[in-house]
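Enquirer: Have a peek at protein08.cif (mmCIF, C-alpha atoms).
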```
data_entry
loop_
_atom_site.label_atom_id
_atom_site.label_comp_id
_atom_site.auth_asym_id
_atom_site.auth_seq_id
_atom_site.Cartn_x
_atom_site.Cartn_y
_atom_site.Cartn_z
CA MET A 1 -29.97 -99.56 -80.96
CA VAL A 2 -28.98 -97.71 -77.87
CA VAL A 3 -25.97 -95.53 -78.02
CA GLU A 4 -24.32 -94.42 -74.77
CA THR A 5 -22.89 -90.97 -74.86
CA SER A 6 -21.03 -88.79 -72.42
CA ARG A 7 -20.45 -85.09 -72.38
CA ARG A 8 -17.06 -83.71 -71.66
CA GLY A 9 -16.52 -80.09 -70.85
CA LEU A 10 -13.79 -78.00 -72.24
CA PRO A 11 -10.36 -78.60 -70.73
CA GLY A 12 -10.12 -76.93 -67.38
CA ALA A 13 -13.87 -76.38 -66.99
CA ALA A 14 -14.22 -78.99 -64.26
CA ASP A 15 -11.31 -77.46 -62.41
CA ARG A 16 -12.96 -74.07 -62.48
CA GLU A 17 -16.33 -75.39 -61.42
CA GLY A 18 -15.27 -78.20 -59.12
CA GLY A 19 -12.48 -76.81 -57.21
CA ALA A 20 -8.90 -77.26 -58.30
CA PRO A 21 -7.52 -73.76 -57.58
CA ASP A 22 -6.46 -71.63 -60.51
CA ALA A 23 -3.18 -69.66 -60.71
CA SER A 24 -4.61 -66.59 -58.95
CA SER A 25 -5.69 -68.72 -55.99
CA HIS A 26 -2.21 -70.19 -55.78
CA ARG A 27 -0.74 -66.69 -55.77
CA SER A 28 -3.14 -65.49 -53.04
CA ALA A 29 -2.32 -68.49 -50.87
CA GLY A 30 1.39 -67.98 -51.39
CA GLU A 31 1.17 -64.27 -50.52
CA LEU A 32 -0.83 -65.09 -47.39
CA GLU A 33 1.73 -67.67 -46.31
CA GLN A 34 4.52 -65.16 -46.88
CA ARG A 35 2.76 -62.49 -44.80
CA VAL A 36 2.14 -64.98 -42.00
CA ALA A 37 5.79 -66.04 -42.08
CA GLU A 38 6.96 -62.39 -42.00
CA ARG A 39 4.70 -61.52 -39.07
CA THR A 40 5.76 -64.64 -37.22
CA ALA A 41 9.42 -63.74 -37.70
CA ALA A 42 8.74 -60.16 -36.55
CA LEU A 43 6.93 -61.43 -33.46
CA GLU A 44 9.74 -63.84 -32.63
CA ALA A 45 12.27 -61.02 -33.01
CA ALA A 46 10.20 -58.75 -30.76
CA LEU A 47 9.98 -61.48 -28.14
CA ARG A 48 13.76 -61.96 -28.25
CA VAL A 49 14.25 -58.21 -27.79
CA ARG A 50 11.78 -58.21 -24.90
CA ASP A 51 13.48 -61.12 -23.17
CA GLU A 52 16.91 -59.53 -23.63
CA PHE A 53 15.62 -56.22 -22.30
CA LEU A 54 14.06 -57.83 -19.24
CA SER A 55 17.32 -59.66 -18.56
CA VAL A 56 19.37 -56.47 -18.87
CA ALA A 57 16.85 -54.44 -16.85
CA SER A 58 16.79 -56.92 -13.98
CA HIS A 59 20.60 -56.94 -13.90
CA GLU A 60 20.90 -53.15 -14.10
CA LEU A 61 18.35 -52.62 -11.32
CA ARG A 62 19.69 -55.38 -9.11
CA THR A 63 23.30 -54.13 -9.16
CA PRO A 64 22.76 -50.74 -7.46
CA LEU A 65 20.05 -52.17 -5.24
CA THR A 66 22.38 -54.91 -3.96
CA SER A 67 25.21 -52.42 -3.40
CA LEU A 68 22.85 -50.08 -1.59
CA ARG A 69 21.51 -52.81 0.66
CA LEU A 70 24.96 -54.12 1.57
CA TYR A 71 26.29 -50.64 2.26
CA VAL A 72 23.30 -49.67 4.43
CA ASP A 73 23.53 -52.98 6.33
CA GLY A 74 27.21 -52.29 7.04
CA LEU A 75 26.44 -48.73 8.08
CA VAL A 76 23.74 -49.92 10.50
CA ARG A 77 26.07 -52.52 12.06
CA SER A 78 28.85 -49.92 12.44
CA ALA A 79 26.43 -47.51 14.08
CA GLN A 80 25.23 -50.20 16.49
CA LEU A 81 28.84 -50.89 17.48
CA GLY A 82 29.58 -47.20 17.85
CA ALA A 83 32.17 -47.38 15.09
CA VAL A 84 30.84 -44.47 13.03
CA ALA A 85 32.41 -41.11 13.75
CA PRO A 86 29.94 -38.20 13.47
CA ALA A 87 32.27 -36.46 11.01
CA ASP A 88 32.14 -39.53 8.73
CA VAL A 89 28.32 -39.65 8.50
CA PRO A 90 27.91 -37.10 5.65
CA ARG A 91 30.38 -38.98 3.43
CA ARG A 92 28.68 -42.30 4.03
CA LEU A 93 25.23 -40.87 3.43
CA ALA A 94 26.47 -39.28 0.21
CA ARG A 95 27.32 -42.74 -1.12
CA VAL A 96 23.81 -43.92 -0.27
CA GLN A 97 22.45 -40.86 -2.02
CA ASP A 98 24.47 -41.64 -5.16
CA GLN A 99 23.04 -45.15 -5.38
CA CYS A 100 19.51 -43.82 -4.85
CA ARG A 101 20.00 -41.37 -7.70
CA ARG A 102 21.23 -44.16 -9.95
CA LEU A 103 18.17 -46.24 -9.19
CA ASP A 104 15.97 -43.22 -9.81
CA ARG A 105 17.57 -42.69 -13.23
CA LEU A 106 17.14 -46.34 -14.18
CA ILE A 107 13.46 -46.35 -13.19
CA ALA A 108 12.88 -43.07 -15.03
CA THR A 109 14.41 -44.62 -18.15
CA LEU A 110 11.99 -47.55 -18.00
CA LEU A 111 9.04 -45.18 -17.54
CA ASP A 112 10.20 -43.08 -20.49
CA VAL A 113 10.34 -46.15 -22.74
CA SER A 114 6.80 -47.10 -21.77
CA LEU A 115 5.54 -43.55 -22.32
CA LEU A 116 7.29 -42.93 -25.63
CA SER A 117 6.25 -46.35 -26.97
CA THR A 118 2.54 -45.94 -26.27
CA GLN A 119 1.71 -42.25 -26.55
CA ARG A 120 3.03 -38.80 -27.39
CA PRO A 121 4.23 -37.09 -24.19
CA VAL A 122 3.02 -33.55 -23.54
CA LEU A 123 5.91 -31.10 -23.36
CA ASP A 124 5.90 -28.44 -20.65
CA LEU A 125 7.24 -25.57 -22.73
CA GLU A 126 8.81 -22.53 -21.10
CA GLU A 127 11.45 -19.94 -21.89
CA VAL A 128 14.83 -21.62 -21.39
CA ASP A 129 18.33 -20.19 -21.69
CA LEU A 130 20.11 -23.22 -23.14
CA GLY A 131 23.58 -22.05 -22.11
CA GLN A 132 22.48 -21.59 -18.52
CA LEU A 133 20.85 -25.04 -18.50
CA VAL A 134 24.00 -26.71 -19.88
CA ARG A 135 26.29 -24.98 -17.38
CA GLY A 136 24.06 -25.92 -14.43
CA THR A 137 23.82 -29.54 -15.53
CA ALA A 138 27.60 -29.79 -16.01
CA GLU A 139 28.16 -28.46 -12.48
CA ARG A 140 25.85 -31.11 -11.04
CA MET A 141 27.82 -33.80 -12.91
CA GLU A 142 31.23 -32.80 -11.53
CA ASP A 143 31.49 -36.03 -9.51
CA ASP A 144 30.74 -38.10 -12.63
CA LEU A 145 33.41 -36.20 -14.55
CA ARG A 146 35.96 -36.78 -11.81
CA ARG A 147 35.22 -40.52 -11.61
CA ALA A 148 35.54 -40.84 -15.40
CA GLY A 149 38.81 -38.88 -15.41
CA CYS A 150 37.50 -36.49 -18.04
CA ASP A 151 38.30 -32.79 -18.33
CA LEU A 152 35.26 -30.86 -19.54
CA CYS A 153 35.66 -27.83 -21.82
CA LEU A 154 32.53 -25.67 -22.09
CA ARG A 155 32.12 -23.19 -24.93
CA VAL A 156 28.59 -22.28 -24.01
CA PRO A 157 27.44 -18.66 -24.30
CA LEU A 158 24.39 -17.35 -22.50
CA GLY A 159 21.49 -15.72 -24.31
CA ILE A 160 20.41 -18.52 -26.66
CA VAL A 161 16.81 -18.76 -25.54
CA GLY A 162 13.94 -20.89 -26.84
CA ALA A 163 10.59 -22.35 -25.83
CA TRP A 164 11.51 -25.84 -24.69
CA ASP A 165 10.70 -28.37 -21.97
CA ARG A 166 13.48 -27.67 -19.47
CA THR A 167 13.39 -31.10 -17.82
CA ARG A 168 13.42 -32.99 -21.13
CA VAL A 169 16.21 -30.90 -22.67
CA GLU A 170 18.30 -31.35 -19.53
CA GLN A 171 17.65 -35.10 -19.78
CA VAL A 172 18.93 -35.14 -23.36
CA PHE A 173 22.13 -33.28 -22.46
CA THR A 174 22.67 -35.49 -19.40
CA ASN A 175 22.31 -38.61 -21.57
CA LEU A 176 24.82 -37.32 -24.13
CA LEU A 177 27.38 -36.25 -21.54
CA THR A 178 26.97 -39.52 -19.63
CA ASN A 179 27.45 -41.43 -22.89
CA ALA A 180 30.70 -39.53 -23.55
CA LEU A 181 32.02 -40.21 -20.04
CA ARG A 182 31.19 -43.90 -20.37
CA HIS A 183 32.77 -44.50 -23.77
CA ALA A 184 35.62 -41.98 -23.65
CA ALA A 185 36.76 -42.17 -20.02
CA GLY A 186 40.11 -40.55 -19.35
CA THR A 187 39.91 -38.22 -22.37
CA PRO A 188 38.77 -34.58 -22.72
CA VAL A 189 35.12 -33.84 -23.52
CA GLU A 190 34.03 -30.62 -25.22
CA VAL A 191 30.55 -29.08 -25.21
CA VAL A 192 29.84 -26.32 -27.76
CA LEU A 193 26.67 -24.23 -28.07
CA SER A 194 25.94 -21.90 -31.00
CA ARG A 195 23.23 -20.55 -33.27
CA GLU A 196 22.76 -22.20 -36.64
CA GLY A 197 20.14 -20.36 -38.66
CA SER A 198 16.75 -20.88 -37.04
CA HIS A 199 18.10 -23.51 -34.62
CA ALA A 200 20.23 -23.75 -31.53
CA LEU A 201 23.09 -26.21 -32.06
CA LEU A 202 24.42 -28.10 -29.03
CA GLN A 203 27.36 -30.45 -29.63
CA VAL A 204 28.99 -32.95 -27.28
CA LYS A 205 32.41 -34.05 -28.59
CA ASP A 206 34.58 -36.81 -27.15
CA GLN A 207 37.94 -38.32 -28.04
CA GLY A 208 36.92 -41.93 -27.51
CA PRO A 209 37.36 -44.92 -29.85
CA GLY A 210 34.83 -43.64 -32.36
CA ILE A 211 31.90 -45.41 -34.02
CA SER A 212 31.86 -47.25 -37.33
CA GLY A 213 29.36 -46.31 -40.02
CA GLU A 214 27.55 -49.64 -39.58
CA ASP A 215 27.16 -49.09 -35.84
CA GLN A 216 26.00 -45.51 -36.36
CA GLU A 217 22.99 -46.83 -38.29
CA ARG A 218 21.73 -48.76 -35.28
CA LEU A 219 23.01 -46.43 -32.57
CA PHE A 220 19.64 -44.72 -32.08
CA GLN A 221 17.58 -47.91 -32.18
CA ARG A 222 15.76 -49.03 -29.08
CA PHE A 223 17.73 -51.51 -26.91
CA SER A 224 20.82 -51.07 -29.10
CA ARG A 225 24.03 -51.74 -27.15
CA LEU A 226 27.26 -51.56 -29.12
CA ASP A 227 29.20 -53.14 -26.25
CA SER A 228 27.21 -55.72 -24.29
CA LYS A 229 29.88 -55.72 -21.57
CA ARG A 230 29.12 -52.13 -20.61
CA PRO A 231 26.23 -51.30 -18.26
CA GLY A 232 23.05 -49.73 -19.56
CA PHE A 233 19.77 -50.54 -21.28
CA GLY A 234 20.77 -49.30 -24.73
CA LEU A 235 17.96 -46.74 -24.49
CA GLY A 236 19.56 -43.39 -23.69
CA LEU A 237 20.19 -42.30 -27.28
CA TRP A 238 16.85 -43.65 -28.49
CA ILE A 239 15.03 -41.69 -25.78
CA SER A 240 17.11 -38.58 -26.48
CA ARG A 241 16.29 -38.62 -30.20
CA GLN A 242 12.60 -39.11 -29.46
CA LEU A 243 12.57 -36.13 -27.07
CA VAL A 244 14.49 -33.87 -29.45
CA GLU A 245 12.15 -34.74 -32.32
CA LEU A 246 9.14 -33.98 -30.10
CA HIS A 247 10.55 -30.44 -29.92
CA GLY A 248 10.74 -30.31 -33.71
CA GLY A 249 14.52 -30.74 -33.75
CA GLY A 250 17.02 -33.45 -34.59
CA LEU A 251 19.82 -35.49 -33.04
CA THR A 252 22.68 -36.80 -35.20
CA VAL A 253 26.18 -38.21 -34.78
CA GLU A 254 29.42 -37.80 -36.73
CA SER A 255 32.20 -40.26 -36.02
CA ALA A 256 34.81 -42.61 -37.41
CA PRO A 257 36.85 -45.38 -35.77
CA GLY A 258 39.72 -43.86 -33.78
CA GLN A 259 38.47 -40.29 -34.20
CA GLY A 260 36.02 -39.84 -31.36
CA ALA A 261 32.38 -38.87 -31.77
CA CYS A 262 30.36 -35.66 -32.03
CA PHE A 263 26.66 -35.73 -31.12
CA SER A 264 24.71 -32.72 -32.39
CA VAL A 265 21.34 -31.55 -31.05
CA ARG A 266 19.37 -29.02 -33.08
CA LEU A 267 16.46 -27.30 -31.36
CA PRO A 268 14.20 -24.77 -33.11
CA LEU A 269 14.48 -21.14 -32.03
CA PRO A 270 11.55 -18.72 -32.05
CA ALA A 271 11.07 -16.82 -35.28
CA ALA A 272 12.53 -13.34 -35.18
CA ALA A 273 9.94 -10.60 -34.71
CA PRO A 274 9.43 -8.46 -37.84
CA SER A 275 11.15 -5.12 -37.63
CA GLN A 276 8.91 -2.14 -37.01
CA GLY A 277 9.01 0.77 -39.39
CA PRO A 278 9.44 4.34 -38.18
#
```
Take the structure from the file and write it as C-alpha cells.

Expert:
Amino acid sequence: MVVETSRRGLPGAADREGGAPDASSHRSAGELEQRVAERTAALEAALRVRDEFLSVASHELRTPLTSLRLYVDGLVRSAQLGAVAPADVPRRLARVQDQCRRLDRLIATLLDVSLLSTQRPVLDLEEVDLGQLVRGTAERMEDDLRRAGCDLCLRVPLGIVGAWDRTRVEQVFTNLLTNALRHAAGTPVEVVLSREGSHALLQVKDQGPGISGEDQERLFQRFSRLDSKRPGFGLGLWISRQLVELHGGGLTVESAPGQGACFSVRLPLPAAAPSQGP
C-alpha cells in the first residue's frame, strides 16, 4: 500500500524562505518612503522659494533699470533740442547716479547670497574705529534720511576699535539703517554705540510699527519678506547676520507690535593686554 505524504514547515517558515516580507522589512520600506516623501517636499519647497526669488529679483532689477533708461532717454532728447541748461546738468546727472548706485546695491546683494550660500567668505580684517565708520556712513546716507523723513540721532563715541572687515561692517550698518528708514519712515531713528564687556554693541532703534514674536522668528531667514508689497529681496537681514557671525559676533532684534524695533549688533573686541608689573 502506497501512502502519500507531504511535509509542511512550521508556520511562517515559507514566508521567511520564500519571500513574504517580515515586520522589519515593512518598517524599512515605510521609513524609506517617509524619507523620500520628506526630501521631495523639501525639494518642492526649495523650488518654490527659488521661483519666488527669481520673480522678485527680476522685478527689483527691472524697476531701477527702466527708470534709468527712460530718464537718460529724456535727457538725451532734451540735450539734442538744446533744452538743458548747463546749470541743470549736475542735478540731472545726480539722479542718474542714484539709480546706478541702487542697481549696484541690488547686484551686490545677489552676489553676496551666492557667496554666502556656497562658501565661507574671507574677511579682510583691519583696525577699525566703529564710531568713525558709523558717522561716515550716516553722512553718506543723508539723502536717504531726507527722503524717508527721518531725523537721525547719533550717540556714537569714537575710540571703540576692533579688528574687523571695514567694508562688511559698513554693509551691515547700512542694511540696518536702510531697514529702519523703509519700515519706520517719518519717525526718528536712533543709533547707539557702546562697550558691553568684551564686545562692541551697536544698536539701531526705530519707532515704526514693530514686529510680532512670530515674525521675529523668521525675520533673519533667507528670502523672508514680512510685507510683500514693499520692495526688496528679503535678504538684507539674512546677509547681515551671516556677516556678523563670520566676525564671531551676533545680530538680534527686540520688538513688539506698536513699539518700534531695536536691532543689536555685537562684535568682539580685542582682549585687553595684561598689565605690566613695575

Enquirer: Around the point (27.5, -36.4, -39.8) in the file's coordinates, collect all residues with an atom within 12 Å, using only C-alpha atoms, and return them as a ChimeraX atom specification.

Expert: /A:203,211-213,216-217,251-256,261-265

Enquirer: Quote the spacing between CA of Asn175 in chain A and CA of Leu68 in chain A in Å to one decimal place.

Expert: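 Spanning CA of Asn175 in chain A to CA of Leu68 in chain A is a straight-line distance of 23.0 Å.
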
Enquirer: Between CA of His199 in chain A and CA of Leu269 in chain A, what is the spacing in Å?

Expert: 5.0 Å

Enquirer: Please enumerate the residues selected by the PyMOL selection byres ((chain A and resi 98) around 12) when evaluated against the supplied file, formatted as a list in words.

Expert: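 Checked against the file, the PyMOL selection byres ((chain A and resi 98) around 12) matches Pro64, Leu65, Ser67, Leu68, Tyr71, Arg91, Arg92, Leu93, Ala94, Arg95, Val96, Gln97, Gln99, Cys100, Arg101, Arg102, Leu103, Asp104, Arg105, Met141, Asp143 and Asp144 of chain A.
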
Enquirer: Residues within 9 Å of range 176-182 of chain A, please, as a VMD selection string. Count all atoms listed in the file; anything in the same chain fewer than 4 positions from it doesn't count.

Expert: chain A and resid 138 141 144 to 145 148 to 150 171 to 172 186 to 187 189 191 204 to 208 230 236 to 237 240 261 263

Enquirer: Using all atoms listed in the file, determine which residues lie at most 6 Å from range 153-161 of chain A, disregarding the query and same-chain residues fewer than 3 positions distant; provide the list as a ChimeraX atom specification.

Expert: /A:128-131,190-193

Enquirer: Given the file above and the PyMOL selection byres ((chain A and resi 242) around 12), which residues are selected, and can you give them as a PyMOL selection string?

Expert: chain A and resi 112-113+115-117+119-121+168-169+171-172+220-222+235-241+243-252+265

Enquirer: If you measure from CA of Leu133 in chain A to CA of Leu219 in chain A, what distance in Å do you get, rounded to one decimal?

Expert: 25.7 Å

Enquirer: So, with only C-alpha atoms as the atoms that count, which of A:Asp151, A:Glu33, A:Glu127, A:Glu142 lies closest to Pro270 in chain A?

Expert: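 For Pro270 in chain A, the nearest of the candidates is A:Glu127.
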
Enquirer: Looking at A:Ile107, A:Ala79, A:Leu70, A:Ala185, which one is nearest to Arg146 in chain A, with distances taken over all atoms listed in the file?

Expert: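 Closest to Arg146 in chain A, using all atoms listed in the file: A:Ala185.
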
Enquirer: Kindly complete range 239-260 of chain A to N, CA, C and O atoms; the output should be written as a PDB file, in the frame of the given file.

Expert:
```pdb
ATOM      1  N   ILE A 239      15.899 -42.623 -26.494  1.00  0.00           N
ATOM      2  CA  ILE A 239      15.030 -41.690 -25.780  1.00  0.00           C
ATOM      3  C   ILE A 239      15.386 -40.253 -26.130  1.00  0.00           C
ATOM      4  O   ILE A 239      14.502 -39.422 -26.376  1.00  0.00           O
ATOM      5  N   SER A 240      16.685 -39.948 -26.180  1.00  0.00           N
ATOM      6  CA  SER A 240      17.110 -38.580 -26.480  1.00  0.00           C
ATOM      7  C   SER A 240      16.621 -38.128 -27.844  1.00  0.00           C
ATOM      8  O   SER A 240      16.127 -37.011 -28.008  1.00  0.00           O
ATOM      9  N   ARG A 241      16.758 -39.001 -28.865  1.00  0.00           N
ATOM     10  CA  ARG A 241      16.290 -38.620 -30.200  1.00  0.00           C
ATOM     11  C   ARG A 241      14.782 -38.400 -30.205  1.00  0.00           C
ATOM     12  O   ARG A 241      14.286 -37.449 -30.825  1.00  0.00           O
ATOM     13  N   GLN A 242      14.044 -39.268 -29.521  1.00  0.00           N
ATOM     14  CA  GLN A 242      12.600 -39.110 -29.460  1.00  0.00           C
ATOM     15  C   GLN A 242      12.220 -37.761 -28.847  1.00  0.00           C
ATOM     16  O   GLN A 242      11.334 -37.054 -29.345  1.00  0.00           O
ATOM     17  N   LEU A 243      12.891 -37.387 -27.754  1.00  0.00           N
ATOM     18  CA  LEU A 243      12.570 -36.130 -27.070  1.00  0.00           C
ATOM     19  C   LEU A 243      12.938 -34.925 -27.917  1.00  0.00           C
ATOM     20  O   LEU A 243      12.192 -33.938 -27.960  1.00  0.00           O
ATOM     21  N   VAL A 244      14.088 -34.986 -28.591  1.00  0.00           N
ATOM     22  CA  VAL A 244      14.490 -33.870 -29.450  1.00  0.00           C
ATOM     23  C   VAL A 244      13.508 -33.717 -30.610  1.00  0.00           C
ATOM     24  O   VAL A 244      13.109 -32.590 -30.964  1.00  0.00           O
ATOM     25  N   GLU A 245      13.092 -34.818 -31.209  1.00  0.00           N
ATOM     26  CA  GLU A 245      12.150 -34.740 -32.320  1.00  0.00           C
ATOM     27  C   GLU A 245      10.787 -34.246 -31.881  1.00  0.00           C
ATOM     28  O   GLU A 245      10.075 -33.587 -32.652  1.00  0.00           O
ATOM     29  N   LEU A 246      10.395 -34.522 -30.623  1.00  0.00           N
ATOM     30  CA  LEU A 246       9.140 -33.980 -30.100  1.00  0.00           C
ATOM     31  C   LEU A 246       9.181 -32.450 -30.071  1.00  0.00           C
ATOM     32  O   LEU A 246       8.149 -31.785 -30.193  1.00  0.00           O
ATOM     33  N   HIS A 247      10.381 -31.889 -29.901  1.00  0.00           N
ATOM     34  CA  HIS A 247      10.550 -30.440 -29.920  1.00  0.00           C
ATOM     35  C   HIS A 247      10.618 -29.888 -31.339  1.00  0.00           C
ATOM     36  O   HIS A 247      10.747 -28.667 -31.523  1.00  0.00           O
ATOM     37  N   GLY A 248      10.608 -30.752 -32.339  1.00  0.00           N
ATOM     38  CA  GLY A 248      10.740 -30.310 -33.710  1.00  0.00           C
ATOM     39  C   GLY A 248      12.186 -30.190 -34.159  1.00  0.00           C
ATOM     40  O   GLY A 248      12.484 -29.538 -35.170  1.00  0.00           O
ATOM     41  N   GLY A 249      13.096 -30.804 -33.424  1.00  0.00           N
ATOM     42  CA  GLY A 249      14.520 -30.740 -33.750  1.00  0.00           C
ATOM     43  C   GLY A 249      15.056 -32.065 -34.231  1.00  0.00           C
ATOM     44  O   GLY A 249      14.305 -32.947 -34.661  1.00  0.00           O
ATOM     45  N   GLY A 250      16.381 -32.220 -34.139  1.00  0.00           N
ATOM     46  CA  GLY A 250      17.020 -33.450 -34.590  1.00  0.00           C
ATOM     47  C   GLY A 250      18.273 -33.751 -33.801  1.00  0.00           C
ATOM     48  O   GLY A 250      18.904 -32.844 -33.240  1.00  0.00           O
ATOM     49  N   LEU A 251      18.617 -35.025 -33.739  1.00  0.00           N
ATOM     50  CA  LEU A 251      19.820 -35.490 -33.040  1.00  0.00           C
ATOM     51  C   LEU A 251      20.595 -36.395 -33.993  1.00  0.00           C
ATOM     52  O   LEU A 251      20.061 -37.395 -34.484  1.00  0.00           O
ATOM     53  N   THR A 252      21.862 -36.036 -34.270  1.00  0.00           N
ATOM     54  CA  THR A 252      22.680 -36.800 -35.200  1.00  0.00           C
ATOM     55  C   THR A 252      24.054 -37.047 -34.590  1.00  0.00           C
ATOM     56  O   THR A 252      24.407 -36.468 -33.550  1.00  0.00           O
ATOM     57  N   VAL A 253      24.832 -37.913 -35.240  1.00  0.00           N
ATOM     58  CA  VAL A 253      26.180 -38.210 -34.780  1.00  0.00           C
ATOM     59  C   VAL A 253      27.129 -38.204 -35.976  1.00  0.00           C
ATOM     60  O   VAL A 253      26.750 -38.612 -37.082  1.00  0.00           O
ATOM     61  N   GLU A 254      28.336 -37.714 -35.752  1.00  0.00           N
ATOM     62  CA  GLU A 254      29.420 -37.800 -36.730  1.00  0.00           C
ATOM     63  C   GLU A 254      30.599 -38.458 -36.039  1.00  0.00           C
ATOM     64  O   GLU A 254      31.012 -38.041 -34.962  1.00  0.00           O
ATOM     65  N   SER A 255      31.124 -39.519 -36.656  1.00  0.00           N
ATOM     66  CA  SER A 255      32.200 -40.260 -36.020  1.00  0.00           C
ATOM     67  C   SER A 255      32.895 -41.147 -37.031  1.00  0.00           C
ATOM     68  O   SER A 255      32.383 -41.392 -38.129  1.00  0.00           O
ATOM     69  N   ALA A 256      34.058 -41.622 -36.634  1.00  0.00           N
ATOM     70  CA  ALA A 256      34.810 -42.610 -37.410  1.00  0.00           C
ATOM     71  C   ALA A 256      35.701 -43.354 -36.428  1.00  0.00           C
ATOM     72  O   ALA A 256      36.107 -42.791 -35.401  1.00  0.00           O
ATOM     73  N   PRO A 257      35.998 -44.616 -36.683  1.00  0.00           N
ATOM     74  CA  PRO A 257      36.850 -45.380 -35.770  1.00  0.00           C
ATOM     75  C   PRO A 257      38.166 -44.656 -35.484  1.00  0.00           C
ATOM     76  O   PRO A 257      38.852 -44.204 -36.401  1.00  0.00           O
ATOM     77  N   GLY A 258      38.482 -44.507 -34.200  1.00  0.00           N
ATOM     78  CA  GLY A 258      39.720 -43.860 -33.780  1.00  0.00           C
ATOM     79  C   GLY A 258      39.697 -42.352 -33.779  1.00  0.00           C
ATOM     80  O   GLY A 258      40.713 -41.718 -33.468  1.00  0.00           O
ATOM     81  N   GLN A 259      38.540 -41.748 -34.094  1.00  0.00           N
ATOM     82  CA  GLN A 259      38.470 -40.290 -34.200  1.00  0.00           C
ATOM     83  C   GLN A 259      37.421 -39.677 -33.295  1.00  0.00           C
ATOM     84  O   GLN A 259      36.994 -38.540 -33.504  1.00  0.00           O
ATOM     85  N   GLY A 260      37.007 -40.392 -32.272  1.00  0.00           N
ATOM     86  CA  GLY A 260      36.020 -39.840 -31.360  1.00  0.00           C
ATOM     87  C   GLY A 260      34.648 -39.729 -31.985  1.00  0.00           C
ATOM     88  O   GLY A 260      34.387 -40.259 -33.077  1.00  0.00           O
TER      89      GLY A 260
END
```
